[in-house]
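> What follows is entry22.cif, mmCIF, C-alpha atoms and all ligand atoms.
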```
data_upload
loop_
_atom_site.label_atom_id
_atom_site.label_comp_id
_atom_site.auth_asym_id
_atom_site.auth_seq_id
_atom_site.Cartn_x
_atom_site.Cartn_y
_atom_site.Cartn_z
CA PRO Q 9 37.43 91.29 62.58
CA GLU Q 10 39.52 88.47 61.13
CA SER Q 11 38.05 85.05 61.88
CA SER Q 12 39.69 82.70 64.33
CA ILE Q 13 39.27 79.28 65.86
CA LEU Q 14 37.90 78.76 69.35
CA VAL Q 15 39.56 75.93 71.25
CA THR Q 16 37.92 74.97 74.54
CA GLY Q 17 40.33 73.16 76.83
CA GLY Q 18 43.25 74.42 74.75
CA CYS Q 19 45.65 74.38 77.73
CA GLY Q 20 45.11 70.67 78.33
CA TYR Q 21 47.20 67.80 77.12
CA ILE Q 22 45.60 67.08 73.74
CA GLY Q 23 44.16 70.57 73.23
CA SER Q 24 47.54 72.25 73.61
CA HIS Q 25 49.14 70.02 70.98
CA VAL Q 26 46.37 70.98 68.57
CA VAL Q 27 46.71 74.67 69.49
CA ARG Q 28 50.45 74.49 68.83
CA GLN Q 29 49.91 72.91 65.40
CA LEU Q 30 47.19 75.47 64.55
CA SER Q 31 49.49 78.36 65.48
CA GLU Q 32 52.32 76.86 63.47
CA CYS Q 33 49.99 76.74 60.46
CA GLY Q 34 49.19 80.44 60.91
CA TYR Q 35 45.64 80.18 62.30
CA GLN Q 36 44.41 82.68 64.91
CA VAL Q 37 43.44 80.82 68.06
CA VAL Q 38 41.32 81.83 71.05
CA ILE Q 39 41.21 79.48 74.03
CA ILE Q 40 38.76 79.06 76.89
CA ASP Q 41 40.24 76.97 79.68
CA ASN Q 42 39.53 76.84 83.42
CA LEU Q 43 43.10 75.58 84.05
CA SER Q 44 41.73 72.76 86.24
CA THR Q 45 44.05 70.22 84.62
CA GLY Q 46 45.63 72.33 81.88
CA SER Q 47 48.37 74.91 82.25
CA LYS Q 48 49.38 78.21 80.67
CA GLU Q 49 52.81 76.67 80.24
CA ASN Q 50 51.30 74.49 77.52
CA LEU Q 51 50.87 77.58 75.31
CA ILE Q 52 54.11 78.32 73.53
CA TYR Q 53 52.94 80.98 71.07
CA ASP Q 54 50.89 84.04 71.91
CA GLU Q 55 47.44 82.53 71.61
CA LYS Q 56 44.63 84.43 73.33
CA LEU Q 57 43.60 82.73 76.55
CA VAL Q 58 40.36 83.39 78.38
CA VAL Q 59 40.56 81.77 81.80
CA GLY Q 60 37.12 80.57 82.76
CA ASP Q 61 34.69 77.72 82.79
CA ILE Q 62 32.47 76.72 79.89
CA SER Q 63 29.64 76.20 82.37
CA ASP Q 64 29.64 80.00 82.74
CA SER Q 65 27.11 81.07 80.09
CA LYS Q 66 27.93 84.76 80.52
CA LEU Q 67 31.61 84.11 79.87
CA VAL Q 68 30.87 81.93 76.84
CA GLU Q 69 28.52 84.62 75.54
CA SER Q 70 31.11 87.35 75.95
CA VAL Q 71 33.78 85.33 74.12
CA PHE Q 72 31.47 84.54 71.20
CA SER Q 73 30.37 88.17 70.95
CA GLN Q 74 33.93 89.47 71.08
CA TYR Q 75 35.42 87.34 68.28
CA ARG Q 76 34.30 85.94 64.97
CA PHE Q 77 34.91 82.20 64.95
CA ASP Q 78 35.13 80.11 61.84
CA ALA Q 79 35.12 76.89 63.86
CA VAL Q 80 35.09 75.50 67.37
CA PHE Q 81 37.35 72.68 68.56
CA HIS Q 82 35.73 71.43 71.73
CA PHE Q 83 38.16 69.62 74.08
CA ALA Q 84 37.18 70.86 77.54
CA ALA Q 85 35.95 67.80 79.44
CA SER Q 86 36.61 65.43 82.32
CA ILE Q 87 38.28 62.25 81.11
CA ILE Q 88 39.12 59.80 83.90
CA VAL Q 89 37.11 56.59 83.64
CA PRO Q 90 37.45 55.41 87.28
CA GLU Q 91 36.59 58.88 88.55
CA SER Q 92 33.48 58.92 86.36
CA VAL Q 93 32.30 55.71 88.01
CA LYS Q 94 32.58 57.38 91.44
CA MET Q 95 31.32 60.81 90.39
CA PRO Q 96 28.87 60.32 87.52
CA LEU Q 97 27.20 63.72 87.87
CA LYS Q 98 30.50 65.53 87.48
CA TYR Q 99 30.82 63.81 84.10
CA TYR Q 100 27.29 64.43 82.87
CA ARG Q 101 27.62 68.05 83.97
CA ASN Q 102 31.10 68.78 82.61
CA ASN Q 103 30.83 66.74 79.46
CA THR Q 104 27.19 66.71 78.46
CA VAL Q 105 25.59 69.81 79.95
CA ASN Q 106 28.56 72.12 79.39
CA SER Q 107 28.98 70.97 75.79
CA ILE Q 108 25.41 72.03 75.15
CA ASN Q 109 26.40 75.49 76.38
CA ILE Q 110 29.10 75.67 73.71
CA PHE Q 111 26.94 74.17 70.95
CA ASP Q 112 24.14 76.59 71.80
CA ALA Q 113 26.50 79.54 71.40
CA CYS Q 114 27.70 78.08 68.08
CA ILE Q 115 24.13 78.07 66.80
CA ARG Q 116 23.35 81.57 68.01
CA TYR Q 117 26.53 83.05 66.56
CA GLY Q 118 26.42 81.11 63.30
CA VAL Q 119 29.57 79.09 63.91
CA ASN Q 120 28.84 76.09 61.75
CA LYS Q 121 31.97 73.94 61.96
CA ILE Q 122 32.61 71.87 65.06
CA VAL Q 123 35.45 69.44 65.75
CA PHE Q 124 34.50 67.36 68.75
CA SER Q 125 36.62 65.16 71.04
CA SER Q 126 34.92 61.83 71.61
CA THR Q 127 36.32 58.51 72.71
CA ALA Q 128 36.72 54.89 71.73
CA ALA Q 129 35.16 54.14 75.11
CA VAL Q 130 31.77 54.52 73.38
CA TYR Q 131 32.31 51.06 71.83
CA GLY Q 132 32.66 49.32 75.17
CA GLU Q 133 32.99 45.55 75.40
CA ASN Q 134 33.19 43.98 71.96
CA GLU Q 135 34.37 40.79 70.33
CA LEU Q 136 35.73 42.49 67.23
CA LEU Q 137 39.27 42.43 65.95
CA GLN Q 138 38.78 46.09 65.06
CA VAL Q 139 35.84 48.43 65.64
CA THR Q 140 34.57 50.55 62.75
CA GLU Q 141 32.57 53.73 63.28
CA ASP Q 142 29.43 51.66 62.59
CA SER Q 143 30.17 48.93 65.15
CA PRO Q 144 27.68 48.55 68.03
CA LEU Q 145 28.02 51.08 70.86
CA ASN Q 146 28.00 49.67 74.39
CA PRO Q 147 29.59 52.26 76.68
CA THR Q 148 30.36 50.70 80.05
CA ASN Q 149 31.00 53.77 82.21
CA PRO Q 150 29.62 57.29 82.83
CA TYR Q 151 32.55 58.94 81.03
CA ALA Q 152 31.80 57.05 77.84
CA ARG Q 153 28.06 57.63 78.14
CA SER Q 154 28.52 61.35 78.76
CA LYS Q 155 30.53 61.59 75.51
CA LEU Q 156 28.12 59.43 73.53
CA MET Q 157 25.31 61.77 74.58
CA ASP Q 158 27.25 64.65 73.02
CA GLU Q 159 27.52 62.66 69.82
CA TYR Q 160 23.74 62.26 69.77
CA VAL Q 161 23.28 65.96 70.52
CA LEU Q 162 25.52 66.90 67.58
CA SER Q 163 23.78 64.52 65.23
CA ASP Q 164 20.33 65.84 66.23
CA MET Q 165 21.54 69.43 65.83
CA ARG Q 166 22.80 68.59 62.37
CA ALA Q 167 19.42 67.10 61.44
CA ALA Q 168 17.71 70.33 62.49
CA LEU Q 169 20.33 72.71 61.04
CA PRO Q 170 21.51 71.68 57.57
CA ASN Q 171 24.22 74.37 57.62
CA LEU Q 172 26.01 72.86 60.57
CA SER Q 173 28.75 70.31 60.04
CA TYR Q 174 30.95 68.49 62.51
CA VAL Q 175 33.71 65.95 62.76
CA ILE Q 176 33.46 63.71 65.80
CA LEU Q 177 36.85 62.18 66.54
CA ARG Q 178 36.78 59.02 68.64
CA TYR Q 179 40.18 58.94 70.30
CA PHE Q 180 41.78 55.63 71.16
CA ASN Q 181 44.56 55.65 73.80
CA VAL Q 182 46.47 58.88 73.42
CA ALA Q 183 50.03 59.14 74.71
CA GLY Q 184 53.42 60.72 74.06
CA SER Q 185 54.30 64.36 73.72
CA ASP Q 186 55.58 67.10 71.47
CA LEU Q 187 58.86 65.89 69.91
CA LEU Q 188 60.78 68.97 71.05
CA GLY Q 189 59.65 68.33 74.62
CA ARG Q 190 57.90 71.70 74.99
CA ILE Q 191 54.47 70.45 76.00
CA GLY Q 192 53.04 67.23 77.35
CA PRO Q 193 50.76 65.76 80.01
CA ARG Q 194 51.23 67.70 83.25
CA ASN Q 195 48.52 66.17 85.40
CA PRO Q 196 50.18 65.22 88.72
CA ASN Q 197 47.60 62.50 89.46
CA ALA Q 198 48.01 60.57 86.25
CA THR Q 199 46.02 57.38 85.74
CA HIS Q 200 46.88 56.62 82.12
CA LEU Q 201 49.12 53.62 81.66
CA ILE Q 202 52.07 55.08 79.75
CA LYS Q 203 52.42 58.11 82.02
CA VAL Q 204 52.07 56.00 85.14
CA ALA Q 205 54.67 53.53 83.87
CA CYS Q 206 57.15 56.31 82.99
CA GLU Q 207 56.65 57.80 86.46
CA ALA Q 208 57.35 54.40 87.98
CA ALA Q 209 60.51 54.07 85.87
CA LEU Q 210 61.74 57.47 87.03
CA GLY Q 211 60.95 56.96 90.71
CA ILE Q 212 58.00 59.36 90.94
CA ARG Q 213 55.99 56.38 92.15
CA ASP Q 214 57.32 53.10 93.43
CA LYS Q 215 55.65 50.76 90.93
CA VAL Q 216 53.04 50.25 88.27
CA THR Q 217 50.16 47.86 88.90
CA ILE Q 218 48.67 45.82 86.07
CA PHE Q 219 44.90 46.02 86.45
CA GLY Q 220 43.82 42.48 85.65
CA THR Q 221 45.79 39.55 84.27
CA ASP Q 222 42.79 37.28 83.62
CA TYR Q 223 41.33 38.95 80.54
CA PRO Q 224 40.62 36.73 77.51
CA THR Q 225 43.64 38.07 75.60
CA HIS Q 226 46.93 36.46 74.55
CA ASP Q 227 48.74 37.43 77.78
CA GLY Q 228 45.76 38.02 80.05
CA THR Q 229 46.09 41.83 80.10
CA CYS Q 230 43.93 44.45 78.35
CA ILE Q 231 44.58 45.45 74.77
CA ARG Q 232 44.42 49.04 73.53
CA ASP Q 233 45.30 50.98 70.40
CA TYR Q 234 47.85 53.58 71.60
CA ILE Q 235 48.16 56.66 69.38
CA HIS Q 236 50.79 59.41 69.47
CA VAL Q 237 49.35 62.80 70.43
CA GLU Q 238 51.12 64.45 67.47
CA ASP Q 239 49.35 62.19 64.97
CA LEU Q 240 46.07 62.78 66.79
CA ALA Q 241 46.58 66.56 66.74
CA LYS Q 242 47.22 66.40 63.00
CA ALA Q 243 43.88 64.62 62.55
CA HIS Q 244 42.17 67.68 64.08
CA LEU Q 245 43.75 70.07 61.59
CA GLU Q 246 42.80 67.79 58.76
CA SER Q 247 39.24 67.55 60.11
CA TYR Q 248 39.01 71.34 60.02
CA ARG Q 249 40.28 71.48 56.43
CA TYR Q 250 37.74 68.81 55.51
CA LEU Q 251 34.91 70.92 56.97
CA ARG Q 252 36.18 74.04 55.22
CA ASP Q 253 36.16 72.15 51.95
CA GLY Q 254 32.46 71.45 52.50
CA GLY Q 255 32.80 67.95 53.96
CA ASP Q 256 29.67 66.47 55.50
CA SER Q 257 29.29 65.64 59.19
CA ILE Q 258 31.12 62.47 60.08
CA VAL Q 259 32.40 60.27 62.91
CA LEU Q 260 36.03 59.13 62.65
CA ASN Q 261 38.10 56.66 64.64
CA CYS Q 262 41.51 57.97 65.67
CA GLY Q 263 43.69 54.96 66.23
CA TYR Q 264 46.25 53.03 64.24
CA GLY Q 265 44.46 49.71 63.90
CA ARG Q 266 46.87 47.68 66.04
CA GLY Q 267 46.53 46.58 69.63
CA LEU Q 268 49.07 46.31 72.42
CA SER Q 269 48.63 44.57 75.75
CA VAL Q 270 49.48 46.23 79.06
CA ARG Q 271 52.49 43.92 79.34
CA GLU Q 272 53.71 44.91 75.88
CA VAL Q 273 53.46 48.59 76.79
CA LEU Q 274 55.42 48.00 79.99
CA LYS Q 275 58.12 46.21 77.95
CA ALA Q 276 58.39 49.29 75.73
CA VAL Q 277 58.77 51.53 78.79
CA GLU Q 278 61.53 49.26 80.12
CA LEU Q 279 63.29 49.51 76.76
CA ALA Q 280 63.13 53.32 76.87
CA HIS Q 281 64.36 53.29 80.47
CA ARG Q 282 67.03 50.63 79.71
CA LYS Q 283 66.26 49.05 83.05
CA PRO Q 284 63.46 46.94 84.49
CA ILE Q 285 60.62 48.77 86.23
CA LYS Q 286 58.78 47.53 89.28
CA VAL Q 287 55.50 45.92 88.25
CA SER Q 288 52.82 44.28 90.38
CA GLU Q 289 49.77 42.35 89.28
CA GLY Q 290 46.43 43.54 90.63
CA TYR Q 291 42.70 43.10 90.17
CA ARG Q 292 40.67 44.34 87.25
CA ARG Q 293 39.76 48.02 87.33
CA ILE Q 294 36.05 48.78 87.27
CA GLY Q 295 34.79 50.11 83.93
CA ASP Q 296 37.60 48.56 81.82
CA VAL Q 297 36.96 46.43 78.77
CA SER Q 298 39.32 43.72 77.55
CA SER Q 299 40.14 45.03 74.10
CA VAL Q 300 39.47 47.99 71.78
CA ILE Q 301 41.32 48.43 68.49
CA ALA Q 302 40.44 50.96 65.80
CA ASN Q 303 39.63 50.29 62.24
CA SER Q 304 41.04 53.53 60.84
CA ASN Q 305 40.21 53.07 57.15
CA ARG Q 306 37.66 55.88 57.16
CA ILE Q 307 39.91 58.64 58.52
CA LYS Q 308 42.75 57.57 56.23
CA LYS Q 309 40.51 57.66 53.20
CA LEU Q 310 38.42 60.74 53.98
CA LEU Q 311 41.07 63.05 55.48
CA ASN Q 312 44.05 61.46 53.79
CA TRP Q 313 45.45 61.15 57.33
CA ARG Q 314 48.83 59.43 57.35
CA PRO Q 315 50.10 58.54 60.82
CA VAL Q 316 53.82 59.01 61.38
CA TYR Q 317 54.53 57.72 64.92
CA GLU Q 318 52.80 54.34 64.96
CA ASP Q 319 55.72 52.58 66.54
CA ILE Q 320 55.08 52.11 70.27
CA SER Q 321 58.73 52.84 70.97
CA SER Q 322 58.42 56.37 69.55
CA ILE Q 323 55.29 57.01 71.65
CA VAL Q 324 56.89 55.70 74.81
CA GLU Q 325 60.25 57.44 74.18
CA SER Q 326 58.59 60.84 73.86
CA ALA Q 327 56.46 60.19 76.97
CA TYR Q 328 59.54 59.08 78.90
CA HIS Q 329 61.63 62.11 77.90
CA TRP Q 330 58.78 64.44 78.75
CA GLU Q 331 58.50 62.90 82.21
CA LYS Q 332 62.26 63.30 82.72
CA LYS Q 333 62.01 66.95 81.77
CA LEU Q 334 59.14 67.52 84.24
CA ILE Q 335 61.35 66.12 86.99
CA ARG Q 336 64.33 68.28 85.97
CA ASN Q 337 62.15 71.39 85.93
CA SER Q 338 60.59 70.72 89.32
CA ASN Q 339 64.05 70.05 90.81
CA SER Q 340 65.38 73.34 89.51
CA GLU Q 341 62.28 75.18 90.79
CA ARG Q 342 62.94 73.63 94.18
CA ARG Q 343 66.59 74.73 94.02
CA ILE Q 344 65.63 78.32 93.13
CA PHE Q 345 63.11 78.29 95.96
CA SER Q 346 65.67 77.16 98.56
CA VAL Q 347 68.28 79.66 97.30
CA ASN Q 348 65.69 82.43 97.61
CA GLN Q 349 64.80 81.24 101.09
CA SER Q 350 68.42 81.27 102.22
CA LEU Q 351 68.76 84.79 100.78
CA GLY Q 352 65.68 85.75 102.80
CA ARG Q 353 63.58 86.57 99.68
N1 LIG Q 401 46.29 50.14 83.28
C1 LIG Q 401 47.02 49.39 84.19
N2 LIG Q 401 47.68 50.05 85.20
C2 LIG Q 401 47.63 51.40 85.36
C3 LIG Q 401 46.88 52.16 84.42
C4 LIG Q 401 46.22 51.48 83.40
O1 LIG Q 401 47.09 48.17 84.08
O2 LIG Q 401 48.23 51.92 86.30
C5 LIG Q 401 45.59 49.46 82.19
C6 LIG Q 401 44.08 49.66 82.20
O3 LIG Q 401 43.46 48.67 82.96
C7 LIG Q 401 43.75 49.54 80.72
C8 LIG Q 401 44.99 50.06 80.02
O4 LIG Q 401 46.04 50.01 80.98
O5 LIG Q 401 43.59 48.21 80.36
C9 LIG Q 401 44.84 51.49 79.54
O6 LIG Q 401 44.32 52.27 80.60
P1 LIG Q 401 44.34 53.84 80.58
O7 LIG Q 401 43.86 54.31 81.91
O8 LIG Q 401 45.69 54.28 80.13
O9 LIG Q 401 43.35 54.25 79.42
P2 LIG Q 401 41.80 53.83 79.14
O10 LIG Q 401 41.88 52.66 78.21
O11 LIG Q 401 41.15 53.52 80.44
O12 LIG Q 401 41.26 55.05 78.49
#
```
Since I need it in another form, could you write the structure as structure tokens?


Amino acid sequence: PESSILVTGGCGYIGSHVVRQLSECGYQVVIIDNLSTGSKENLIYDEKLVVGDISDSKLVESVFSQYRFDAVFHFAASIIVPESVKMPLKYYRNNTVNSINIFDACIRYGVNKIVFSSTAAVYGENELLQVTEDSPLNPTNPYARSKLMDEYVLSDMRAALPNLSYVILRYFNVAGSDLLGRIGPRNPNATHLIKVACEAALGIRDKVTIFGTDYPTHDGTCIRDYIHVEDLAKAHLESYRYLRDGGDSIVLNCGYGRGLSVREVLKAVELAHRKPIKVSEGYRRIGDVSSVIANSNRIKKLLNWRPVYEDISSIVESAYHWEKKLIRNSNSERRIFSVNQSLGR
């Protein structure tokens, strides 16, 4: 059979943007997703979807035996920092143990290209203006540690299996959505700043709370490197091309190299909304670090990655319009439901 690409977690927020770009480039895609946070609605072409959990070895086995994969893009994971502090085992199980399930199948079926979703959270607290891929790693929460373990697993696998090659992408703060508004973050219990702030602007929640105003930064709030999901998705396709061209295993930062404070992000949301949003100032959130900004020289040089949507206003605008569309859709579903009810359907 023709070879395809396996995408675990392909119905999720980041995975589905990558799936969409892969399909648009003509690649055959097979997805495993348990639909715990992802949705079928995030698939806009006719990609093959296997609904199931990557902890299920039998299911993983049957997928690998059914198709011939040229590469695996491994997204499926739990990603909420505060939740990981409360439920560490969920994170070590979903992110570390289940990844080993996928990697093991890769080895047994000779799939030797892996693109892996890691996180800037592996850097943890640091005093650096920008972190490079060789900066010290001090993960401060179970989520970050569960991902760093995967990085070690991949690197040890590579040492044992010279044929294997991977690209580990350390994501900074991903936000925004597909420019045509077809897919985006659907999680109803969002915790990420830009989504929460857009929800507050649109009345889905009454306010946004700033977690900590006493950080050692210019305005007292945390600084992050926010990256548009479309630019991030592109980095995955370029990672795959790099591996196909014989590129060696590598770790790459996915950020723009500039930092924005929580207050600056909230300003951008107010600009998109054209009205003030309700903001309150709260305590620090456990597991947060004051600042993380990417040095992205390596990915730019190695993959020739050229970000397009660096401007925070374009990230926030797309996130805001996506959120508006979600509201419109749920209102019309509610209308259809009540019409059906009144018709006795
Ligand atoms: N943040 C905030 N209020 C919120 C959500 C997030 O002040 O409702 C802050 C959070 O403390 C951090 C930054 O925004 O400094 C980004 O947090 P997010 O959860 O979006 O991503 P993380 O950096 O934790 O991956």

> Could you give me, as a list in words, the residues within 9 Å of Glu246 in chain Q, counting only C-alpha atoms and dropping anything in the same chain fewer than 6 positions from it?

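Counting only C-alpha atoms, the residues come to Leu311, Asn312 and Trp313 of chain Q.
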
> Sorted by chain and rising residue number, list the residues of chain Q at most 7 Å from ligand LIG 401 (chain Q) (counting all atoms listed in the file), each with its closest atom pair and distance in Å to one decimal, as a tab-separated table.


```
residue	atom	partner	partner_atom	distance
Q:Val89	CA	Q:LIG401	O11	6.0
Q:Asn181	CA	Q:LIG401	O12	5.8
Q:Thr199	CA	Q:LIG401	O7	5.4
Q:His200	CA	Q:LIG401	O8	3.3
Q:Leu201	CA	Q:LIG401	O8	3.8
Q:Ile202	CA	Q:LIG401	O8	6.4
Q:Val204	CA	Q:LIG401	O2	5.7
Q:Val216	CA	Q:LIG401	O2	5.5
Q:Thr217	CA	Q:LIG401	N2	5.0
Q:Ile218	CA	Q:LIG401	O1	3.5
Q:Phe219	CA	Q:LIG401	O1	3.9
Q:Gly220	CA	Q:LIG401	O1	6.7
Q:Thr229	CA	Q:LIG401	O5	6.9
Q:Cys230	CA	Q:LIG401	O5	4.3
Q:Ile231	CA	Q:LIG401	O5	6.3
Q:Arg232	CA	Q:LIG401	O10	6.4
Q:Val270	CA	Q:LIG401	O4	5.5
Q:Arg292	CA	Q:LIG401	O3	6.7
Q:Arg293	CA	Q:LIG401	O3	5.8
Q:Asp296	CA	Q:LIG401	O3	6.0
Q:Ser298	CA	Q:LIG401	O5	6.8
```

> Name the closest residue to Ser269 in chain Q among the candidates Q:Ala129, Q:Val300, Q:Leu51, Q:Leu30; distances are taken between atoms, counting all atoms listed in the file.

Q:Val300

> Take CA of Glu331 in chain Q and CA of Ile191 in chain Q and report the distance between them in Å, one decimal.

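One can read the CA of Glu331 in chain Q to CA of Ile191 in chain Q distance as 10.6 Å.
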
> Need to verify the contact set: Ser63 in chain Q, 10 Å, only C-alpha atoms, exclusion of same-chain residues closer than 5 positions in sequence. Can you return it as number ranges by chain?

Q: 42, 68, 101-103, 105-110

> Would you kindly identify which residues have an atom no farther than 12 Å from (24.8, 81.0, 68.7), using only C-alpha atoms and the file's own coordinates, and write them out as a PyMOL selection string?

chain Q and resi 65+68-73+76-77+80+108-120+172

> For Ile176 in chain Q, work out the shell of residues within 9 Å, counting all atoms listed in the file and skipping chain neighbours fewer than 3 positions away, then give it as a ChimeraX atom specification.

/Q:122-126,159,162,247,257-261

> One decimal, Å: what's the distance from CA of Ser304 in chain Q over to CA of Thr127 in chain Q, could you say?

13.7 Å

> CA of Leu334 in chain Q to CA of Lys283 in chain Q: how many Å, to one decimal?

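One can read the CA of Leu334 in chain Q to CA of Lys283 in chain Q distance as 19.8 Å.
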
> From the options Q:Leu268, Q:Ile62, Q:Leu310, Q:Ala128, which residue's atoms come nearest to Asp227 in chain Q, counting only C-alpha atoms?

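Distance minimum relative to Asp227 in chain Q lands on Q:Leu268.
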
> Counting all atoms listed in the file, which of Q:Val130, Q:Asp233, Q:Gly265, Q:Ser340 gets nearest to Asp142 in chain Q?

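Smallest separation from Asp142 in chain Q among the options: Q:Val130.
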
> Please write as a ChimeraX atom specification the list of polymer residues whose atoms come within 7 Å of (42.8, 82.1, 74.7), counting all atoms listed in the file and keeping to the coordinates of the file.

/Q:37-40,55-58

> Would you kindly return, as a PyMOL selection string, each protein, DNA or RNA residue with an atom no farther than 7 Å from any atom of range 240-244 of chain Q, considering only C-alpha atoms and excluding same-chain residues fewer than 4 positions away?

chain Q and resi 25-26+235-236+248+262+313
